[in-house]
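So this one's model-v6.cif, mmCIF, C-alpha atoms and all ligand atoms:
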data_work
loop_
_atom_site.label_atom_id
_atom_site.label_comp_id
_atom_site.auth_asym_id
_atom_site.auth_seq_id
_atom_site.Cartn_x
_atom_site.Cartn_y
_atom_site.Cartn_z
CA MET L 1 -0.90 -4.43 30.23
CA ALA L 2 -4.33 -6.04 30.03
CA LEU L 3 -4.96 -7.11 26.45
CA LYS L 4 -7.97 -5.63 24.69
CA PHE L 5 -9.76 -7.77 22.10
CA PRO L 6 -9.93 -8.02 19.19
CA ILE L 7 -6.30 -7.14 18.54
CA PHE L 8 -5.89 -5.18 15.31
CA MET L 9 -3.01 -6.50 13.21
CA ASP L 10 -4.24 -5.63 9.73
CA SER L 11 -2.55 -2.27 9.24
CA HIS L 12 -2.06 -2.69 5.49
CA SER L 13 -5.82 -2.32 5.06
CA THR L 14 -6.07 0.79 7.21
CA THR L 15 -4.73 2.31 10.43
CA PRO L 16 -6.43 3.76 13.48
CA VAL L 17 -6.66 7.56 13.57
CA ASP L 18 -4.03 9.01 15.87
CA PRO L 19 -5.81 10.95 18.68
CA ARG L 20 -3.63 14.01 17.87
CA VAL L 21 -4.94 13.90 14.31
CA LEU L 22 -8.54 13.79 15.45
CA GLU L 23 -7.94 16.68 17.81
CA ALA L 24 -6.50 18.80 14.99
CA MET L 25 -9.50 18.02 12.77
CA ILE L 26 -12.36 18.75 15.16
CA PRO L 27 -12.39 22.58 14.96
CA TYR L 28 -12.73 22.32 11.18
CA PHE L 29 -16.02 20.47 11.61
CA THR L 30 -17.35 23.03 14.08
CA GLU L 31 -16.42 26.70 14.29
CA LYS L 32 -13.90 26.72 11.40
CA PHE L 33 -16.25 25.36 8.76
CA GLY L 34 -15.55 27.79 5.90
CA HIS L 35 -15.13 26.95 2.22
CA PRO L 36 -11.51 27.33 1.09
CA GLY L 37 -12.74 28.89 -2.14
CA SER L 38 -14.56 31.74 -0.36
CA ARG L 39 -12.03 34.44 -1.03
CA ASN L 40 -14.01 37.34 0.37
CA HIS L 41 -14.47 36.58 4.08
CA PRO L 42 -12.53 35.28 7.09
CA PHE L 43 -14.25 31.87 7.14
CA GLY L 44 -12.89 31.21 3.67
CA TRP L 45 -9.43 32.63 4.44
CA GLU L 46 -9.16 30.43 7.50
CA ALA L 47 -10.18 27.30 5.58
CA GLU L 48 -7.82 28.05 2.71
CA ALA L 49 -4.94 28.65 5.10
CA ALA L 50 -5.68 25.33 6.83
CA ALA L 51 -5.76 23.42 3.53
CA ASP L 52 -2.52 25.06 2.44
CA ARG L 53 -0.84 24.22 5.71
CA ALA L 54 -1.91 20.60 5.25
CA ARG L 55 -0.55 20.67 1.70
CA GLU L 56 2.77 21.85 3.06
CA GLN L 57 2.85 19.11 5.72
CA VAL L 58 2.17 16.41 3.13
CA ALA L 59 4.73 17.97 0.72
CA LYS L 60 7.40 17.88 3.43
CA LEU L 61 6.80 14.22 4.20
CA ILE L 62 7.41 13.20 0.58
CA GLY L 63 10.22 15.66 -0.16
CA ALA L 64 8.22 17.83 -2.59
CA ARG L 65 9.76 21.27 -3.06
CA ASP L 66 6.51 23.10 -3.62
CA PRO L 67 3.25 22.48 -1.70
CA LYS L 68 1.41 23.41 -4.90
CA GLU L 69 2.54 20.05 -6.25
CA VAL L 70 0.16 18.32 -3.82
CA VAL L 71 -3.34 17.77 -5.23
CA PHE L 72 -5.89 16.53 -2.71
CA THR L 73 -8.04 13.58 -3.79
CA SER L 74 -10.49 11.29 -2.03
CA GLY L 75 -7.80 8.68 -1.39
CA GLY L 76 -5.19 6.44 -2.94
CA THR L 77 -7.53 4.89 -5.49
CA GLU L 78 -8.53 8.26 -6.92
CA ALA L 79 -4.93 9.49 -6.95
CA ILE L 80 -3.86 6.40 -8.93
CA ASN L 81 -6.76 6.84 -11.38
CA LEU L 82 -5.91 10.50 -11.86
CA ALA L 83 -2.21 9.78 -12.38
CA ILE L 84 -2.50 6.97 -14.90
CA LYS L 85 -5.61 8.06 -16.78
CA GLY L 86 -4.52 11.70 -16.56
CA VAL L 87 -1.19 10.95 -18.28
CA ALA L 88 -2.79 8.53 -20.76
CA GLU L 89 -5.24 11.20 -21.93
CA MET L 90 -2.78 14.10 -21.88
CA TYR L 91 0.01 12.34 -23.77
CA ARG L 92 -2.05 10.18 -26.13
CA GLU L 93 -0.56 11.90 -29.19
CA LYS L 94 2.93 11.07 -27.96
CA GLY L 95 2.28 7.38 -27.33
CA THR L 96 -0.06 4.74 -25.99
CA HIS L 97 2.25 2.36 -24.14
CA ILE L 98 2.44 2.00 -20.36
CA VAL L 99 4.82 -0.11 -18.30
CA THR L 100 3.63 -1.36 -14.92
CA THR L 101 4.13 -4.40 -12.68
CA ALA L 102 2.16 -7.59 -12.12
CA ILE L 103 1.76 -6.95 -8.39
CA GLU L 104 0.20 -3.47 -8.36
CA GLN L 105 -2.74 -2.91 -6.06
CA ARG L 106 -6.11 -3.38 -7.79
CA ALA L 107 -6.52 0.32 -8.57
CA GLY L 108 -3.36 0.39 -10.68
CA LEU L 109 -4.15 -2.92 -12.40
CA ASP L 110 -7.78 -2.11 -13.11
CA VAL L 111 -6.98 1.31 -14.56
CA CYS L 112 -4.46 -0.33 -16.87
CA LYS L 113 -6.99 -3.00 -17.91
CA ARG L 114 -9.49 -0.25 -18.77
CA LEU L 115 -6.89 1.61 -20.80
CA GLU L 116 -6.11 -1.59 -22.70
CA ARG L 117 -9.78 -1.79 -23.66
CA LEU L 118 -9.48 1.80 -24.90
CA GLY L 119 -6.60 0.91 -27.20
CA TYR L 120 -3.52 1.47 -25.02
CA GLN L 121 -0.83 -1.19 -24.68
CA VAL L 122 0.34 -2.19 -21.22
CA THR L 123 3.36 -4.30 -20.25
CA TYR L 124 3.09 -5.99 -16.85
CA ILE L 125 6.59 -6.65 -15.50
CA PRO L 126 6.76 -9.87 -13.44
CA VAL L 127 8.52 -10.06 -10.10
CA GLY L 128 11.12 -12.51 -8.83
CA ALA L 129 10.56 -15.06 -6.04
CA ASP L 130 11.44 -12.31 -3.56
CA GLY L 131 8.78 -9.95 -4.95
CA LEU L 132 11.27 -7.52 -6.47
CA VAL L 133 11.07 -5.99 -9.92
CA ASP L 134 14.21 -6.22 -12.03
CA VAL L 135 14.95 -2.73 -13.35
CA GLU L 136 16.52 -4.25 -16.47
CA GLU L 137 13.13 -5.80 -17.28
CA VAL L 138 11.60 -2.34 -17.07
CA ARG L 139 14.29 -1.00 -19.38
CA LYS L 140 13.67 -3.78 -21.91
CA ALA L 141 9.92 -3.13 -21.89
CA ILE L 142 10.29 0.54 -22.86
CA THR L 143 9.48 1.42 -26.47
CA ASP L 144 9.38 4.73 -28.33
CA LYS L 145 5.63 4.78 -27.59
CA THR L 146 6.02 4.49 -23.80
CA ILE L 147 4.50 7.48 -22.03
CA LEU L 148 4.39 6.21 -18.44
CA ILE L 149 6.05 3.86 -15.99
CA SER L 150 3.73 3.15 -13.07
CA GLY L 151 4.96 1.05 -10.19
CA MET L 152 4.37 0.72 -6.50
CA PHE L 153 6.83 1.73 -3.82
CA ALA L 154 5.99 -1.02 -1.33
CA ASN L 155 3.59 -3.88 -1.78
CA ASN L 156 0.44 -4.03 0.34
CA GLU L 157 0.62 -7.80 0.89
CA ILE L 158 4.27 -8.75 1.19
CA GLY L 159 5.67 -5.30 2.01
CA THR L 160 8.46 -5.64 -0.53
CA ILE L 161 10.18 -2.33 -1.26
CA GLN L 162 10.95 -1.83 -4.93
CA PRO L 163 14.11 -0.20 -6.32
CA VAL L 164 12.21 3.06 -6.80
CA ALA L 165 15.20 5.40 -7.17
CA GLU L 166 16.64 3.16 -9.90
CA ILE L 167 13.34 3.13 -11.76
CA GLY L 168 13.14 6.91 -11.37
CA LYS L 169 16.64 7.26 -12.82
CA LEU L 170 15.73 5.07 -15.77
CA ALA L 171 12.56 7.06 -16.40
CA LYS L 172 14.55 10.33 -16.39
CA GLU L 173 17.15 8.90 -18.74
CA LYS L 174 14.41 7.88 -21.19
CA GLY L 175 12.28 11.01 -20.72
CA ILE L 176 9.28 9.01 -19.50
CA ILE L 177 6.93 10.05 -16.70
CA PHE L 178 7.18 7.91 -13.55
CA HIS L 179 4.16 7.40 -11.32
CA CYS L 180 4.68 5.67 -7.99
CA ASP L 181 1.88 4.25 -5.85
CA ALA L 182 3.45 4.98 -2.47
CA THR L 183 0.26 4.40 -0.48
CA GLN L 184 1.91 1.81 1.77
CA ALA L 185 5.33 3.43 1.98
CA VAL L 186 4.61 7.08 2.77
CA GLY L 187 4.98 7.78 6.48
CA LYS L 188 6.56 4.38 7.13
CA ILE L 189 9.90 4.61 5.31
CA PRO L 190 11.73 7.57 3.72
CA VAL L 191 10.08 8.73 0.51
CA ASP L 192 11.64 11.59 -1.44
CA VAL L 193 10.20 12.52 -4.81
CA GLU L 194 13.22 14.67 -5.68
CA ALA L 195 15.95 12.21 -4.73
CA MET L 196 14.04 9.28 -6.24
CA GLY L 197 13.03 10.87 -9.54
CA ILE L 198 9.29 10.42 -8.96
CA ASP L 199 7.05 12.59 -11.16
CA LEU L 200 3.65 11.53 -9.81
CA LEU L 201 3.07 9.95 -6.40
CA SER L 202 -0.12 8.56 -4.88
CA ALA L 203 -0.74 8.54 -1.14
CA THR L 204 -3.64 8.16 1.26
CA ALA L 205 -4.26 9.49 4.77
CA HIS L 206 -5.87 6.41 6.27
CA MET L 207 -2.69 4.38 5.94
CA ILE L 208 -0.74 6.91 8.06
CA TYR L 209 -3.06 7.24 11.08
CA GLY L 210 -5.17 9.88 9.34
CA PRO L 211 -8.82 9.88 8.30
CA LYS L 212 -10.41 7.87 5.50
CA GLY L 213 -11.66 9.79 2.49
CA VAL L 214 -8.64 11.94 1.67
CA GLY L 215 -5.47 11.26 -0.26
CA ALA L 216 -3.10 13.12 -2.53
CA LEU L 217 -1.47 13.01 -5.90
CA TYR L 218 1.90 14.71 -6.07
CA VAL L 219 2.33 16.26 -9.52
CA ARG L 220 5.83 17.47 -10.39
CA ARG L 221 5.93 21.12 -11.52
CA LYS L 222 9.61 21.38 -12.50
CA ASN L 223 12.21 19.19 -14.25
CA PRO L 224 9.97 18.20 -15.96
CA ARG L 225 6.65 19.95 -15.55
CA VAL L 226 4.14 17.11 -15.68
CA ARG L 227 0.67 17.72 -17.06
CA ILE L 228 -2.33 15.53 -16.45
CA ALA L 229 -5.88 15.65 -17.77
CA PRO L 230 -8.39 16.01 -14.93
CA MET L 231 -10.79 13.15 -14.27
CA ILE L 232 -13.33 15.29 -12.41
CA ASP L 233 -14.44 18.51 -14.10
CA GLY L 234 -16.07 21.36 -12.25
CA GLY L 235 -15.03 24.49 -10.41
CA GLY L 236 -11.36 24.14 -11.29
CA HIS L 237 -10.16 23.47 -7.76
CA GLU L 238 -6.68 22.08 -7.14
CA ARG L 239 -5.35 24.14 -10.06
CA GLY L 240 -7.79 22.52 -12.43
CA MET L 241 -6.56 18.98 -11.80
CA ARG L 242 -9.29 17.89 -9.38
CA SER L 243 -12.48 19.86 -9.11
CA GLY L 244 -14.60 19.59 -5.98
CA THR L 245 -14.52 21.39 -2.64
CA VAL L 246 -11.45 20.35 -0.66
CA PRO L 247 -12.66 18.47 2.47
CA VAL L 248 -10.83 20.78 4.86
CA PRO L 249 -11.22 18.75 8.09
CA LEU L 250 -9.94 15.64 6.32
CA ALA L 251 -7.08 17.53 4.67
CA VAL L 252 -6.14 19.01 8.08
CA GLY L 253 -6.10 15.47 9.49
CA PHE L 254 -3.94 14.25 6.59
CA GLY L 255 -1.51 17.13 7.17
CA LYS L 256 -1.27 16.49 10.89
CA ALA L 257 -0.81 12.75 10.31
CA ALA L 258 2.00 13.53 7.85
CA GLU L 259 3.67 15.88 10.31
CA ILE L 260 3.59 13.26 13.08
CA CYS L 261 4.96 10.59 10.75
CA ARG L 262 7.86 12.82 9.82
CA GLU L 263 8.70 13.27 13.48
CA VAL L 264 8.36 9.67 14.63
CA MET L 265 9.00 7.59 11.50
CA ALA L 266 12.63 6.65 12.17
CA GLU L 267 12.04 5.60 15.76
CA GLU L 268 8.70 3.96 15.03
CA GLY L 269 10.21 1.94 12.20
CA VAL L 270 12.93 0.56 14.50
CA ARG L 271 10.39 -0.35 17.20
CA LEU L 272 7.98 -2.02 14.79
CA LYS L 273 10.74 -3.91 13.02
CA ALA L 274 11.94 -5.34 16.34
CA LEU L 275 8.39 -6.43 17.21
CA ARG L 276 7.80 -7.80 13.72
CA ASP L 277 11.06 -9.78 13.87
CA LYS L 278 10.01 -11.19 17.22
CA LEU L 279 6.68 -12.33 15.79
CA GLN L 280 8.41 -13.79 12.75
CA ASP L 281 10.99 -15.66 14.88
CA LYS L 282 8.32 -17.05 17.18
CA ILE L 283 6.27 -18.41 14.28
CA LEU L 284 9.11 -19.68 12.10
CA SER L 285 10.94 -21.32 15.00
CA SER L 286 7.80 -23.05 16.35
CA LEU L 287 6.38 -24.44 13.11
CA ASP L 288 7.88 -26.48 10.32
CA GLU L 289 7.00 -25.67 6.72
CA ALA L 290 6.13 -22.07 7.40
CA TYR L 291 7.59 -19.82 4.71
CA LEU L 292 8.22 -16.10 4.67
CA ASN L 293 6.75 -14.39 1.59
CA GLY L 294 8.60 -11.46 0.07
CA HIS L 295 12.12 -10.19 0.55
CA PRO L 296 13.59 -10.88 4.01
CA GLU L 297 15.17 -7.40 4.30
CA LYS L 298 13.77 -5.13 1.61
CA ARG L 299 10.32 -4.87 3.11
CA LEU L 300 8.25 -2.56 5.26
CA PRO L 301 9.26 -2.75 8.93
CA HIS L 302 5.75 -3.55 10.12
CA ASN L 303 4.94 -6.20 7.50
CA LEU L 304 5.00 -9.96 7.90
CA ASN L 305 3.53 -12.41 5.40
CA ILE L 306 3.86 -16.15 5.97
CA SER L 307 2.51 -19.21 4.15
CA PHE L 308 1.71 -22.26 6.27
CA ALA L 309 1.87 -25.44 4.21
CA TYR L 310 -1.07 -27.87 4.58
CA VAL L 311 -3.50 -25.31 5.99
CA GLU L 312 -5.80 -22.83 4.26
CA GLY L 313 -5.15 -19.19 5.14
CA GLU L 314 -8.90 -18.72 5.53
CA SER L 315 -9.05 -21.51 8.14
CA VAL L 316 -6.31 -19.87 10.16
CA LEU L 317 -8.22 -16.59 10.05
CA MET L 318 -11.42 -18.29 11.12
CA GLY L 319 -9.61 -19.88 14.03
CA LEU L 320 -8.35 -16.48 15.16
CA ASN L 321 -10.77 -13.85 14.01
CA LYS L 322 -12.63 -13.31 17.28
CA GLU L 323 -9.35 -12.38 18.92
CA VAL L 324 -7.11 -11.04 16.16
CA ALA L 325 -7.78 -9.07 12.97
CA LEU L 326 -5.47 -10.36 10.26
CA ALA L 327 -5.70 -10.82 6.50
CA SER L 328 -5.21 -13.87 4.36
CA GLY L 329 -3.80 -13.78 0.86
CA SER L 330 -6.99 -15.25 -0.49
CA ALA L 331 -9.73 -12.95 -1.64
CA CYS L 332 -13.15 -14.49 -1.38
CA THR L 333 -14.77 -14.26 -4.79
CA SER L 334 -18.31 -15.35 -5.54
CA ALA L 335 -17.83 -19.10 -5.76
CA THR L 336 -14.18 -19.89 -5.23
CA LEU L 337 -11.37 -18.80 -3.00
CA GLU L 338 -8.86 -17.33 -5.39
CA PRO L 339 -5.31 -17.28 -4.12
CA SER L 340 -3.68 -13.87 -3.93
CA TYR L 341 -2.27 -12.80 -7.30
CA VAL L 342 0.63 -11.20 -5.47
CA ILE L 343 1.67 -14.40 -3.69
CA ALA L 344 0.99 -16.40 -6.87
CA ALA L 345 3.30 -13.99 -8.77
CA LEU L 346 6.16 -15.11 -6.52
CA GLY L 347 5.85 -18.54 -8.11
CA VAL L 348 5.23 -20.36 -4.83
CA GLY L 349 2.56 -22.70 -6.20
CA SER L 350 -1.13 -22.64 -5.57
CA GLU L 351 -1.14 -24.49 -2.19
CA LEU L 352 1.22 -22.05 -0.56
CA ALA L 353 -0.53 -19.13 -2.24
CA HIS L 354 -3.74 -20.30 -0.57
CA SER L 355 -2.12 -20.56 2.82
CA SER L 356 -0.67 -17.09 3.33
CA ILE L 357 -1.42 -14.83 6.26
CA ARG L 358 -0.55 -11.13 6.45
CA PHE L 359 0.31 -9.51 9.75
CA GLY L 360 0.47 -5.72 9.90
CA LEU L 361 1.78 -4.02 13.02
CA HIS L 362 1.13 -0.35 13.71
CA ARG L 363 1.87 2.64 15.92
CA PHE L 364 -0.27 1.37 18.79
CA THR L 365 0.78 -2.30 18.68
CA ALA L 366 2.06 -3.41 22.09
CA GLU L 367 4.66 -6.10 22.75
CA GLU L 368 2.10 -8.17 24.69
CA GLU L 369 -0.15 -8.19 21.63
CA VAL L 370 2.67 -9.48 19.47
CA GLU L 371 3.38 -12.25 21.98
CA TYR L 372 -0.28 -13.20 22.11
CA VAL L 373 -0.69 -13.25 18.33
CA GLY L 374 2.50 -15.29 17.90
CA ASN L 375 1.39 -17.92 20.42
CA ARG L 376 -2.16 -18.14 19.13
CA THR L 377 -1.06 -18.40 15.50
CA VAL L 378 1.21 -21.31 16.35
CA GLU L 379 -1.58 -23.00 18.33
CA VAL L 380 -4.17 -22.60 15.58
CA VAL L 381 -1.87 -23.77 12.77
CA THR L 382 -0.76 -26.76 14.88
CA ARG L 383 -4.38 -27.71 15.60
CA LEU L 384 -5.38 -27.41 11.94
CA ARG L 385 -2.45 -29.54 10.88
CA GLU L 386 -3.40 -32.20 13.43
CA MET L 387 -6.67 -32.48 11.56
CA SER L 388 -5.03 -32.47 8.13
CA PRO L 389 -4.61 -35.89 6.46
CA LEU L 390 -2.19 -34.29 3.99
CA TYR L 391 0.06 -33.07 6.75
CA GLU L 392 -0.01 -36.53 8.34
CA LEU L 393 0.92 -38.19 5.07
CA ALA L 394 3.69 -35.69 4.46
CA LYS L 395 5.09 -36.37 7.93
CA GLU L 396 5.03 -40.09 7.14
CA GLY L 397 7.30 -39.31 4.23
CA VAL L 398 4.72 -39.60 1.44
CA ASP L 399 5.39 -37.28 -1.49
CA ILE L 400 2.03 -35.50 -1.68
CA LYS L 401 2.55 -34.55 -5.31
CA SER L 402 2.95 -38.22 -6.29
CA ILE L 403 -0.47 -39.23 -4.93
CA GLN L 404 -2.94 -40.30 -7.62
CA TRP L 405 -6.31 -39.08 -6.37
CA LYS L 406 -9.27 -41.23 -7.30
CA ALA L 407 -11.82 -39.33 -9.38
CA GLN L 408 -15.18 -38.78 -7.68
C1 LIG M 1 -0.79 -0.12 -2.45
C2 LIG M 1 -2.14 0.51 -2.36
N1 LIG M 1 -2.53 1.38 -3.31
C3 LIG M 1 -3.72 1.97 -3.27
C4 LIG M 1 -4.61 1.76 -2.24
C5 LIG M 1 -5.96 2.44 -2.26
O1 LIG M 1 -6.01 3.50 -1.34
P1 LIG M 1 -7.43 4.03 -0.81
O2 LIG M 1 -7.95 3.00 0.13
O3 LIG M 1 -7.10 5.32 -0.11
O4 LIG M 1 -8.29 4.25 -1.98
C6 LIG M 1 -4.26 0.88 -1.22
C7 LIG M 1 -5.20 0.59 -0.15
O5 LIG M 1 -5.19 -0.45 0.49
C8 LIG M 1 -2.99 0.24 -1.27
O6 LIG M 1 -2.59 -0.61 -0.34
#

Once more with this new file: its structure as C-alpha cells, please.
Amino acid sequence: MALKFPIFMDSHSTTPVDPRVLEAMIPYFTEKFGHPGSRNHPFGWEAEAAADRAREQVAKLIGARDPKEVVFTSGGTEAINLAIKGVAEMYREKGTHIVTTAIEQRAGLDVCKRLERLGYQVTYIPVGADGLVDVEEVRKAITDKTILISGMFANNEIGTIQPVAEIGKLAKEKGIIFHCDATQAVGKIPVDVEAMGIDLLSATAHMIYGPKGVGALYVRRKNPRVRIAPMIDGGGHERGMRSGTVPVPLAVGFGKAAEICREVMAEEGVRLKALRDKLQDKILSSLDEAYLNGHPEKRLPHNLNISFAYVEGESVLMGLNKEVALASGSACTSATLEPSYVIAALGVGSELAHSSIRFGLHRFTAEEEVEYVGNRTVEVVTRLREMSPLYELAKEGVDIKSIQWKAQ
C-alpha cells in the first residue's frame, strides 16, 4: 500500500466519517429534509421516523432498554453539561454535593468548577499511578448531601478504563445518580447502561466515525426514573429535556455509526489492539527511558500514550507533524506550555508530564502506517536526544536532579 500523508493518528480528538455513514446521511440533506416535529404531513413523518430509528440504533449500542431514553444533543460537551447541571438544579433541595474524578475531560471539570462557584461542593477523586480510580475512595467521599457521582468511562489521553460497573453498583447501593462520560468508550468497547448501573451517559457521534455536531445523553427512565432540568428551553423537544429542532441528517449519521460499531466492534478492537501493541513494542524496545502512561491492560485498544524522558512532547510533534497527526500531553496556553493535568495526576513528575505523546489508531489505520509512525517516532526522539545536553549527562551517569543550576 502506498502511504498517504499526513497519517492521522489522533483518533481521541475525532475520527473520520465512515463512508457508509455519509451515504446514510445524504438523503436527509436533500429530498428528505422535513422537520421531525411536523406531525401533519409526510415530510415530517419521514423525518421523525428517521430520528427515532437513529435513537434506537444509539440505544442498542449502549444497552438502553428504551430508545426514548436517548436525548439528542449537539455533542459530548452539551450532554455532560445537561447531565451534571441538570441533576444539580433538579435535586438541589436534596443536596449540593457531587463526586467526580481529577482526570475528567474539561467539560466535566469546568461544569463542576462553575457549580462550586454557585455554592455546590465537589470532591475530585485522585487516580493512582496507573490512572485508575479506587472505588473505595468514591465510597469514602459520599455524604448524605451527595446527589451525583460523575466519572468517565475511558480517559481521552491515557485510555484507562475505569471500574464503571463497580461505581454503578455503589451508586445504586447509596441511591445516588451516576453519570458516566462514555464519549471515548462508546463504540470501542462494550458499554451497557443496564448491566453497569449507569443512570446518565454522555456520548458523541464524531468519536465513532459519525458526524460532528451531534451527541446524546442517555437518561434512565426506570429503576430509578432520573429527572433532569433542561439547559435549553424552547419548543419542548426531546421530551422537554433539550429544546431545539433535532438535526435529522446528523442524528441519522450518529445512528448509522452506532449500528456499524455494534457490528464490527469486537473484531475491530482485536485488530487495533494488535496494531497498537506492535507500535508500543517497536517504540519501547528501540528507545530507553520511554514510559507507558496509564494501565497496561485496562485501556482502550486503540490508545497508546508514552512519555519520552529528556525530550519535550511538543518537539516530537514538531519533528513529525508534516507526516503524522499526533497529540502531545501539553496544552499550549497563552504564555507557557502546561503539562497535561491527566499525566500530572499519575504522579510522574513534571518532566515526564511534558514529554508525553498520544497515539490514537482508528478503523482505517493500516499496518504500514503503524510501521511508519513507529520508525519515525524512534528516529525523531533519537535525534532530539542527540541534541539534548541533559540526555548526554544522564548517559554519563550524572544524576540530573543533583545538578545545581547557576541562576541567570
Ligand atoms: C472524554 C471526553 N468527553 C467529552 C468530550 C467532548 O465531546 P464533544 O467534542 O462532542 O463536545 C470529549 C471530546 O474530545 C472527550 O474526549

- Using all atoms listed in the file, find the one residue out of L:Leu393, L:Leu61, L:Val398, L:Leu217 that sits nearest to ligand LIG 1 (chain M).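 Distance minimum relative to ligand LIG 1 (chain M) lands on L:Leu217.
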
- Minimum-distance residue to ligand LIG 1 (chain M), chosen among L:Ala129, L:Val71, L:Ala205, L:Met196 (using all atoms listed in the file):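 Among the listed residues, the smallest separation from ligand LIG 1 (chain M) belongs to L:Ala205.
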
- Item | Pick from L:Lys298, L:Arg376, L:His12, L:Lys94 nearest to L:Glu323, counting only C-alpha atoms | L:Arg376

- In Å, with one decimal, what is the gap from atom CA of L:Lys172 to atom CA of L:Val138?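 So the two atoms, atom CA of L:Lys172 and atom CA of L:Val138, lie 13.0 Å apart.
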
- Message: 9 Å from ligand LIG 1 (chain M) is the threshold here; counting all atoms listed in the file, which polymer residues fall inside it? Answer as a count of residues only.
- Response: 36

- Query: Which of these residues is nearest to L:Ile400, using all atoms listed in the file: L:Ala309, L:Ile198, L:Ala54, L:Ile208?
  - Reply: L:Ala309

- Message: As an exercise, work out the distance from atom CA of L:Lys273 to atom CA of L:Ala344 in Å and give it to one decimal place.
- Response: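 We find that atom CA of L:Lys273 and atom CA of L:Ala344 lie 25.4 Å from each other.
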
- Counting all atoms listed in the file, figure out which residue out of L:Asp192, L:Glu386, L:Asp66, L:Glu137 gets nearest to L:Tyr124.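 Residue with the minimum atom-to-atom distance to L:Tyr124: L:Glu137.
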
- Item | Option closest in space to L:Gly313, from L:Ala141, L:Val246, L:Leu390, L:Val380 [counting only C-alpha atoms] |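 Of L:Ala141, L:Val246, L:Leu390, L:Val380, the one nearest L:Gly313 is L:Val380, counting only C-alpha atoms.
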
- Kindly give the distance, in Å, that separates atom CA of L:Tyr310 and atom CA of L:Pro389, rounded to a single decimal.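 About the pair atom CA of L:Tyr310 and atom CA of L:Pro389: they are 9.0 Å apart.
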
- Query: Got a sec: who's within 12 Å of L:Phe8, counting all atoms listed in the file, leaving out chain neighbours fewer than 2 positions off, as a PyMOL selection string?
  - Reply: chain L and resi 3-6+10-16+320-327+358-366+369-370+372-373

- Query: Can you tell me, as JSON, numbers by chain, what residues are no more than 8 Å from stretch 248-257 of chain L when counting all atoms listed in the file, ignoring any on the same chain fewer than 4 positions away?
  - Reply: {"L": [18, 20, 21, 22, 24, 25, 26, 27, 28, 29, 35, 36, 47, 50, 51, 53, 54, 55, 56, 57, 58, 72, 205, 208, 209, 210, 211, 212, 213, 214, 215, 261]}

Axis-aligned box for all listed atoms of stretch 255-269 of chain L, 5 Å per side, centre and edges in Å to one decimal, as JSON:
{"center_x": 5.6, "center_y": 9.5, "center_z": 11.5, "size_x": 24.1, "size_y": 25.2, "size_z": 18.6}
